[in-house]
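Peer 1: Starting off with a structure, shown below.
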Amino acid sequence: MTSDGNGAGQEAIRFEGVSKHFGDTAAVDDLNLVVNRGEFFSLLGPSGCGKTTTLRMVAGFEQPTAGSVHLDGEPVEGVPPYRRNVNTVFQSYALFEHLDIEGNVAFGLKRSKVPSDEIKTRVAEALELVQLTGRESSKPAQLSGGQMQRVALARALVNKPSVLLLDEPLGALDLKLRKQMQVELKEIQREVGITFLYVTHDQEEALAMSDRIAVMDAGVVQQCGPPEEIYETPHKTFVAGFIGVSNLLPATVDGKGIKLAGGETCKANLPDDVSAGDAVHCSVRPEKIFLGSQVDKDMIALEGTIVERIYLGTTTQVIVDLGDDQRVISLEQNTDRSRADDRWEIGQKIKLGWYPEHALVLH
Amino acid sequence: MSENRFAHLMLLPAGLWLLLLFAVPLFILLLVSLGATDPAYQAVYGWNPGNFADVFDPLFAPVLLRSVLFALATVALCLLIGYPVAYYIARFGGRWKTLLIAVVVLPFLVNYLVRTYAWVAILSDEGLVNGIIGGKLGISESGIQFVNTPYAVIGGLVYGYLAFMILPLYAALDRMDPSLIEAGKDLYGSRWQTFWNVTWPAAFQGVAAGCVLVFLPSVGDFVAAQLLGGPDTYMVGNLIQQQFLENQNWPFGAALTAVMMLFLLIWMSIYLRSAARSSQQEAM
Amino acid sequence: MSTVAEPRAGRVSLPKARQGRRRPRDFDKPRFLRAFFWLFMIFTFAPLAIVALFSFNSTPSLQDFNGFSLQWYDEFLSNATLRQSLTASIEIGLVTMVVGTFLGTTLAFALVRARSRIARSSNLLMLFPLVTPEIVAGVAALLLFAQIGMELSLATIMIAEITFSISFVTVIVRARLSALNREVEEAALDLGATRIETLRLIVLPALWPAILASGLLIFALSFDDFVIAFFTTGESPTPLAVQIYSSIRFGVRPTINAIGTSMLLISFLILAVAVLLPRILGRKDEQNVLMGGDTV
């Protein structure tokens with residue numbers, strides 16, 4: 001399931017059979033993963049999937065109950081956080097309230113006994129990187145959320161760690177600021193070239209920023225790969241459902257294709273490990289579904305009734321009922337000047353379809 | 001070192017101290033309560049459960065009873081006096097609320113002994129009140145005997161522990177939603193009805209806490225009875241003090257202490273259980 | 001409010017119930033409560049004021065005030081025994097404050113951070129002194145010292161007072177400690193600080209107001225304490241509270257007024273320090289914050 005990068009010398013982090021149990025529950029279960037040097041790698045999943053626990057094991061705040069974690073090729077069993085060459089950016093920023101910004105950013109350097117003139121230059125560089133030059137003597141209480149996050153980032157990066165760990169750092173920011181910071185973070189990572197291990201539950205965020213994503217659920221990696229691969233070719237129903245919106249139509253394997261619940265058969269690419277009669281899901285992304293007159297003869301076509309249309313500004317969602325409790329969501333860009341209400345009516349019978357290559361059979 | 005181990009290390013200094021200097025002495029107390037005195041008036045260990053029977057001897061039982069009665073009277077008076085005060089500040093204090101409650105509590109920060117002495121100075125035969133009555137107003141030549149009465153002792157107890165009633169009452173009343181009273185006014189019409197049906201139940205936790213906080217130390221108090229009362233108003237605290245510092249009958253003193261402690265523990269656990277139950281109900 | 005026999009055009013008839021309602025609502029005029037409150041204030045402050053007043057009396061009377069004089073304070077402070085008592089009380093307060101704060105703070109830290117059955121039992125052990133009546137505490141301490149053959153003295157008082165102060169400190173410091181953001185400490189560890197350094201540089205600075213407040217509290221409590229000191233005191237010197245008690249047994253005297261008023265002043269002084277000190281030190285922080293730049 002892992003999609004490796006280059007050879008072992010390029011490995012920033014390696015997880016070998018790592019498990020973490022709290023009592024009887026396994027927060028992380030037999031994790032095998034490699035994060036390459038210079039990568040922007042994201043751990044993506046819902047709350048409780050084990051992504052934060054995994055991060056904390058890299059940082060040294062948790063010890064694995066089985067398996068081993070390797071940093072830069074060396075196992076870090078029993079090594080405390082203050083002796084690991086990694087730094088963390090926390091969701092709550094965790095700035096030191098009683099120190100000013102300079103004190104915060106310089107903290108790690110002082111602990112490493114870096115000479116004071118070097119500290120001054122490096123702090124200045126770090127603040128410039130996050131665009132906070134001139135705020136050295138401010139206190140955290142005076143800063144806005146976004147500024148505090150930048151200080152947290154500078155405070156971690158100034159130590160030039162081999163890996164930067166980010167634990168949902170943008171979670172507390174409002175939408176606009178979050179999108180802006182996503183871009184900035186990506187740029188900073190490119191500029192400094194440090195490996196980023198990023199934890200988030202926001203799949204859009206992960207898709208936007210990452211070189212590779214590991215989707216986790218219940219302590220297990222469901223799929224790992226570049227964003228396009230995760231989105232376009234999910235290997236599991238969970239991944240298809242978690243990343244973006246997906247229509248998941250229950251079906252059974254029928255010869256070379258699948259039979260949908262309503263009885264229609266359609267061609268589909270079947271994965272290798274299914275046989276006739278198996279219960280599967282047919283996954284189609286809403287934007288790959290066409291309605292009405294746009295359905296052409298090469299598509300797999302179905303009939304249904306429109307039950308809802310939702311206007312979202314840039315797009316319109318149309319929900320179609322296919323009968324047998326199946327509902328399909330279709331997404332259209334509003335390139336037309338006319339509004340959605342003009343084109344689709346609730347209760348209207350409609351034809352919908354998709355190209356066979358856009359459908360994935362998952363189980 | 002892991003954090004958990006470090007934290008456990010921190011447990012040692014105070015943990016050992018409390019174990020050796022608090023838990024062990026209580027254990028010794030129990031042992032001594034079963035002991036006896038030898039002819040040289042030294043306490044020796046032994047098995048004399050009779051000490052506990054002695055506690056309830058007709059000679060001493062009145063003292064125990066009196067302690068409980070005095071304590072109950074103190075609780076009742078503290079409630080009667082403290083409730084209106086706490087109510088007034090909580091409901092009508094406005095933005096001066098915190099200042100008012102602080103000022104109200106201020107006198108009670110003064111040394112308990114000094115406070116009791118204040119009343120002794122005022123109520124004693126050479127004190128201010130008798131001075132006014134006897135001298136200035138010429139009502140009574142010999143003065144009125146205030147001290148050495150149960151009333152003085154109870155008064156002293158009230159003055160000693162009133163703050164323990166006012167503070168929890170205030171906390172409970174302050175936390176109460178004032179719109180409940182508004183609703184009550186509409187529903188019941190009369191002040192008394194509203195109070196009894198709305199305010200009292202809502203703030204009851206504060207009443208319970210205050211009663212316990214006043215009752216517990218009052219039962220064991222001996223300062224008030226000693227300074228404002230006399231042998232006729234002795235409480236169990238005086239009795240205990242006597243055994244240790246005058247009669248040298250330590251085993252009996254220890255037995256008295258143990259019985260008193262047990263008595264209070266029973267009430268404490270009743271209170272804690274009901275408080276836990278009611279906070280569960282609140283949560284629901 | 002008119003009684004409406006028949007509704008006039010355009011007017012709504014009022015239901016009978018409303019008509020009977022009292023006019024300005026008596027609820028909102030707490031005349032009785034207000035009077036009671038002020039009466040209460042007089043009755044609680046008056047005794048202390050009277051004690052203070054007569055401590056400055058020029059005659060030994062507690063009934064007639066005959067002029068201002070400091071003679072009783074003079075008598076108080078020139079009496080060697082009383083002076084020793086005063087210093088003894090202060091010593092007890094200081095030692096209890098220092099040792100009790102240390103023990104209570106470490107215990108608070110352990111109770112918040114340690115997870116185990118031992119930690120939970122320790123919590124129970126810590127709570128017990130808070131619910132133990134002082135007389136029981138005093139008696140138990142006395143028995144302990146007798147058992148180990150330790151002679152009663154100031155040291156025995158201090159030991160007993162410390163035992164009972166620990167819980168106060170623990171409860172106060174624990175409340176503050178559990179409110180601290182754990183991630184801040186993790187950040188310190190993450191950036192290279194060892195556990196000791198994190199404690200020193202991050203936790204203690206955040207904790208000191210609680211530590212200071214609880215320290216002052218147990219100073220006041222042990223300085224003023226009577227019952228425990230009474231059972232554990234040696235022959236001489238005895239703390240001031242015990243001294244007052246012995247003196248009162250012999251009858252009231254204005255000297256006692258002087259002692260009492262002095263103790264009163266010391267109590268208020270401690271309170272003032274406890275309230276003002278955080279504000280003064282906090283204001284220094286505010287100054288830096290204000291001059292540091294504009295808030296964005």
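By convention in this document, the chains of the structure tokens carry letters A, B, ... by their order, each chain's residues are numbered from 1, and ligands are numbered from 1 in the order they are shown.
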I'd like the neighbourhood of region 151-164 of chain B as a list in words, where a residue qualifies if any of its atoms comes within 8 Å (using only C-alpha atoms), though same-chain residues fewer than 5 positions away should be ignored.

Peer 2: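 Surrounding residues, per the criterion: Phe70, Ala71, Ala73, Thr74, Val75, Leu77, Cys78, Gly82, Val105, Phe108, Tyr112, Arg115, Thr116, Trp119, Phe146, Gly210, Leu213, Val214, Ser218, Ala224, Ala225, Leu228, Gly229 and Thr233 of chain B; Thr44 of chain C.
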
Peer 1: Report as a list in words all protein, DNA and RNA residues lying within 9 Å of Leu12 (chain B), evaluated on only C-alpha atoms, omitting residues in the same chain fewer than 4 positions from it.

Peer 2: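 Contacts, with the query itself left out: His8, Leu16 and Trp17 of chain B; Thr106, Leu107 and Ala110 of chain C.
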
Peer 1: Please produce a file of the residues just selected, as a JSON list (two decimals), in the first residue's frame, where the atoms kept are N, CA and C atoms.

Peer 2:
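Done, and the output landed in again_5.json:
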[["chain", "number", "residue", "atom", "x", "y", "z"],
["B", 8, "HIS", "N", 5.55, 10.95, 39.33],
["B", 8, "HIS", "CA", 5.48, 10.11, 40.52],
["B", 8, "HIS", "C", 6.58, 10.45, 41.51],
["B", 16, "LEU", "N", 5.13, 11.31, 51.50],
["B", 16, "LEU", "CA", 5.76, 10.73, 52.69],
["B", 16, "LEU", "C", 5.40, 11.55, 53.93],
["B", 17, "TRP", "N", 5.46, 12.86, 53.76],
["B", 17, "TRP", "CA", 5.17, 13.72, 54.91],
["B", 17, "TRP", "C", 3.77, 13.44, 55.43],
["C", 106, "THR", "N", 4.76, 20.54, 44.88],
["C", 106, "THR", "CA", 5.20, 19.28, 44.28],
["C", 106, "THR", "C", 4.06, 18.27, 44.26],
["C", 107, "LEU", "N", 3.30, 18.23, 45.32],
["C", 107, "LEU", "CA", 2.18, 17.30, 45.36],
["C", 107, "LEU", "C", 1.14, 17.64, 44.29],
["C", 110, "ALA", "N", 2.34, 16.38, 41.05],
["C", 110, "ALA", "CA", 2.21, 14.94, 40.95],
["C", 110, "ALA", "C", 0.76, 14.53, 40.72]]

Peer 1: For Leu29 (chain B), work out the shell of residues within 7 Å, counting only C-alpha atoms and skipping chain neighbours fewer than 6 positions away, then give it as number ranges by chain.

Peer 2: B: 254; C: 140, 143

Peer 1: Would you return as a CSV table (one decimal) with C-alpha atoms, in the first residue's frame the members of region 8-191 of chain A that DSSP assigns to helix (DSSP H, G or I) on this structure's backbone?

Peer 2:
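Final output, states.csv:
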chain,number,residue,atom,x,y,z
A,8,ALA,CA,16.9,4.6,2.0
A,9,GLY,CA,19.4,7.5,2.1
A,10,GLN,CA,16.5,9.8,1.1
A,51,LYS,CA,-2.9,10.5,12.6
A,52,THR,CA,-2.1,12.7,15.6
A,53,THR,CA,-0.8,9.7,17.6
A,54,THR,CA,1.5,8.9,14.7
A,55,LEU,CA,2.8,12.4,14.6
A,56,ARG,CA,3.4,12.4,18.3
A,57,MET,CA,5.4,9.2,18.0
A,58,VAL,CA,7.7,10.9,15.6
A,59,ALA,CA,8.0,13.9,17.9
A,81,PRO,CA,11.7,14.9,22.4
A,82,TYR,CA,14.4,17.3,23.4
A,83,ARG,CA,17.0,15.2,21.8
A,101,ILE,CA,8.3,37.0,20.0
A,102,GLU,CA,12.1,37.1,19.9
A,103,GLY,CA,12.2,35.1,23.1
A,104,ASN,CA,9.8,32.5,21.7
A,105,VAL,CA,11.7,32.1,18.4
A,106,ALA,CA,15.1,32.0,20.1
A,107,PHE,CA,14.0,29.5,22.7
A,108,GLY,CA,15.2,26.4,20.8
A,109,LEU,CA,18.5,28.0,19.8
A,110,LYS,CA,19.2,29.0,23.4
A,111,ARG,CA,18.6,25.5,24.6
A,116,SER,CA,24.0,34.9,20.9
A,117,ASP,CA,25.0,36.8,17.8
A,118,GLU,CA,24.2,33.8,15.7
A,119,ILE,CA,20.8,33.6,17.5
A,120,LYS,CA,20.0,37.2,16.5
A,121,THR,CA,20.7,36.6,12.9
A,122,ARG,CA,18.8,33.4,12.7
A,123,VAL,CA,15.8,34.8,14.5
A,124,ALA,CA,15.7,37.7,12.1
A,125,GLU,CA,15.9,35.3,9.1
A,126,ALA,CA,13.1,33.2,10.5
A,127,LEU,CA,10.8,36.1,11.2
A,128,GLU,CA,11.5,37.4,7.7
A,129,LEU,CA,10.6,34.0,6.3
A,140,PRO,CA,1.8,36.7,21.9
A,141,ALA,CA,-1.2,38.3,23.5
A,142,GLN,CA,-1.0,41.2,21.1
A,145,GLY,CA,-4.3,34.1,15.2
A,146,GLY,CA,-2.6,34.1,11.9
A,147,GLN,CA,0.4,35.9,13.3
A,148,MET,CA,0.7,33.6,16.2
A,149,GLN,CA,0.7,30.7,13.9
A,150,ARG,CA,3.5,32.2,11.9
A,151,VAL,CA,5.5,32.8,15.1
A,152,ALA,CA,5.0,29.1,15.9
A,153,LEU,CA,6.3,28.2,12.5
A,154,ALA,CA,9.3,30.5,12.8
A,155,ARG,CA,10.0,29.1,16.3
A,156,ALA,CA,10.2,25.6,14.9
A,157,LEU,CA,11.9,26.3,11.6
A,175,LEU,CA,-11.6,30.1,6.0
A,176,LYS,CA,-10.0,32.9,4.1
A,177,LEU,CA,-6.9,33.0,6.3
A,178,ARG,CA,-6.6,29.3,6.2
A,179,LYS,CA,-6.6,29.2,2.4
A,180,GLN,CA,-4.0,32.0,2.4
A,181,MET,CA,-1.8,30.2,4.9
A,182,GLN,CA,-2.0,27.0,2.9
A,183,VAL,CA,-0.4,28.7,0.0
A,184,GLU,CA,2.2,30.4,2.2
A,185,LEU,CA,3.1,27.2,4.0
A,186,LYS,CA,3.6,25.4,0.7
A,187,GLU,CA,5.9,28.2,-0.5
A,188,ILE,CA,7.9,28.2,2.7
A,189,GLN,CA,8.3,24.5,2.5
A,190,ARG,CA,9.6,24.8,-1.1
A,191,GLU,CA,11.9,27.5,-0.1

Peer 1: Within 12 Å of chain B, which residues of chain A are there when counting only C-alpha atoms? Please give them as a list in words.

Peer 2: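 Within 12 Å of chain B on chain A, we get Gly60, Phe61, Glu62, Gln63, Gly78, Val79, Pro80, Pro81 and Tyr82 of chain A.
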
Peer 1: Write out the residues from the selection above, keeping C-alpha atoms, as a compact mmCIF listing (two decimals), in the first residue's frame.

Peer 2:
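Just written: selection08.txt:
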# COMPACT_ATOMS: atom_id res chain seq x y z
CA GLY A 60 8.74 11.68 20.90
CA PHE A 61 5.69 12.45 23.02
CA GLU A 62 4.45 8.88 22.62
CA GLN A 63 6.41 5.64 22.40
CA GLY A 78 13.48 5.88 23.87
CA VAL A 79 14.97 9.13 22.61
CA PRO A 80 13.15 12.02 24.38
CA PRO A 81 11.66 14.91 22.36
CA TYR A 82 14.37 17.33 23.36

Peer 1: Please report, as JSON lines, each residue of chain B lying at most 6 Å from chain C, together with the nearest pair of atoms and the separation in Å rounded to one decimal; use only C-alpha atoms, and order rows by chain and ascending residue number.

Peer 2:
{"residue": "B:Asn4", "atom": "CA", "partner": "C:Ala114", "partner_atom": "CA", "distance": 5.3}
{"residue": "B:Ala7", "atom": "CA", "partner": "C:Ala110", "partner_atom": "CA", "distance": 4.6}
{"residue": "B:His8", "atom": "CA", "partner": "C:Ala114", "partner_atom": "CA", "distance": 5.7}
{"residue": "B:Met10", "atom": "CA", "partner": "C:Ala110", "partner_atom": "CA", "distance": 5.3}
{"residue": "B:Leu11", "atom": "CA", "partner": "C:Ala110", "partner_atom": "CA", "distance": 5.2}
{"residue": "B:Ala14", "atom": "CA", "partner": "C:Leu103", "partner_atom": "CA", "distance": 5.0}
{"residue": "B:Pro25", "atom": "CA", "partner": "C:Ala140", "partner_atom": "CA", "distance": 5.1}
{"residue": "B:Leu26", "atom": "CA", "partner": "C:Ala140", "partner_atom": "CA", "distance": 5.6}
{"residue": "B:Leu29", "atom": "CA", "partner": "C:Ala140", "partner_atom": "CA", "distance": 5.7}
{"residue": "B:Val85", "atom": "CA", "partner": "C:Phe37", "partner_atom": "CA", "distance": 5.5}
{"residue": "B:Val110", "atom": "CA", "partner": "C:Leu264", "partner_atom": "CA", "distance": 5.5}
{"residue": "B:Asn111", "atom": "CA", "partner": "C:Asp224", "partner_atom": "CA", "distance": 5.3}
{"residue": "B:Val114", "atom": "CA", "partner": "C:Gly260", "partner_atom": "CA", "distance": 5.4}
{"residue": "B:Ala118", "atom": "CA", "partner": "C:Pro47", "partner_atom": "CA", "distance": 5.5}
{"residue": "B:Gly127", "atom": "CA", "partner": "C:Leu62", "partner_atom": "CA", "distance": 5.6}
{"residue": "B:Leu128", "atom": "CA", "partner": "C:Gln63", "partner_atom": "CA", "distance": 4.5}
{"residue": "B:Gly131", "atom": "CA", "partner": "C:Gln63", "partner_atom": "CA", "distance": 5.1}
{"residue": "B:Pro217", "atom": "CA", "partner": "C:Pro133", "partner_atom": "CA", "distance": 5.9}

Peer 1: Take the selection from the previous step and output its residues with N, CA and C atoms, as a compact mmCIF listing (two decimals), in the first residue's frame.

Peer 2:
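Output saved as out_24.txt:
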# COMPACT_ATOMS: atom_id res chain seq x y z
N ASN B 4 5.58 10.42 33.30
CA ASN B 4 4.83 9.76 34.36
C ASN B 4 5.73 9.45 35.55
N ALA B 7 6.53 12.64 37.37
CA ALA B 7 5.40 13.07 38.19
C ALA B 7 5.32 12.23 39.46
N HIS B 8 5.55 10.95 39.33
CA HIS B 8 5.48 10.11 40.52
C HIS B 8 6.58 10.45 41.51
N MET B 10 7.59 13.38 42.12
CA MET B 10 7.09 14.56 42.83
C MET B 10 6.14 14.18 43.94
N LEU B 11 5.64 12.97 43.85
CA LEU B 11 4.67 12.52 44.84
C LEU B 11 5.35 12.27 46.18
N ALA B 14 5.72 15.30 49.67
CA ALA B 14 4.50 15.54 50.42
C ALA B 14 3.82 14.24 50.78
N PRO B 25 -0.20 9.39 62.79
CA PRO B 25 -0.75 9.90 64.06
C PRO B 25 -2.21 9.52 64.27
N LEU B 26 -2.99 9.51 63.20
CA LEU B 26 -4.39 9.13 63.38
C LEU B 26 -4.48 7.67 63.83
N LEU B 29 -3.66 7.54 67.31
CA LEU B 29 -4.83 7.99 68.07
C LEU B 29 -5.75 6.82 68.38
N VAL B 85 -28.19 38.03 54.25
CA VAL B 85 -27.01 38.79 53.83
C VAL B 85 -26.52 38.32 52.47
N VAL B 110 -9.93 37.84 60.65
CA VAL B 110 -9.18 38.12 61.85
C VAL B 110 -9.12 36.85 62.69
N ASN B 111 -8.02 36.71 63.40
CA ASN B 111 -7.80 35.57 64.28
C ASN B 111 -9.04 35.22 65.09
N VAL B 114 -9.00 36.35 68.63
CA VAL B 114 -9.22 37.79 68.80
C VAL B 114 -10.69 38.11 68.67
N ALA B 118 -13.04 39.62 71.49
CA ALA B 118 -13.82 40.85 71.31
C ALA B 118 -15.15 40.73 72.03
N GLY B 127 -17.04 44.44 80.98
CA GLY B 127 -17.03 44.82 79.57
C GLY B 127 -17.93 46.00 79.26
N LEU B 128 -17.98 46.30 77.98
CA LEU B 128 -18.62 47.52 77.51
C LEU B 128 -20.11 47.53 77.80
N GLY B 131 -20.91 47.99 81.22
CA GLY B 131 -20.54 49.36 81.55
C GLY B 131 -21.65 50.33 81.19
N PRO B 217 -16.86 22.11 62.42
CA PRO B 217 -15.96 22.69 63.41
C PRO B 217 -16.66 23.10 64.70

Peer 1: Have a look at C:Asn79, C:Thr238, C:Thr96, C:Ser247 and name the one nearest to Leu216 (chain C); count only C-alpha atoms.

Peer 2: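 Smallest distance to Leu216 (chain C) is found for C:Thr96.
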
Peer 1: How many Å separate CA of Ala86 (chain B) from CA of Ile166 (chain B)?

Peer 2: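 According to the coordinates, CA of Ala86 (chain B) and CA of Ile166 (chain B) are separated by 5.8 Å.
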
Peer 1: Pick out the closest residue to chain A from this set: C:Ile90, C:Ala258, C:Ala206, C:Leu53. Count only C-alpha atoms.

Peer 2: C:Ala206

Peer 1: Between B:Trp267, B:Trp192, B:Trp96, B:Trp250, single out the one closest to Ala43 (chain B), counting only C-alpha atoms.

Peer 2: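 Ranked by minimum distance to Ala43 (chain B), first place goes to B:Trp250.
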
Peer 1: How far is it from CA of Ile194 (chain A) to CA of Asp211 (chain A), in Å with one decimal?

Peer 2: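 Interatomic distance, CA of Ile194 (chain A) to CA of Asp211 (chain A): 12.9 Å.
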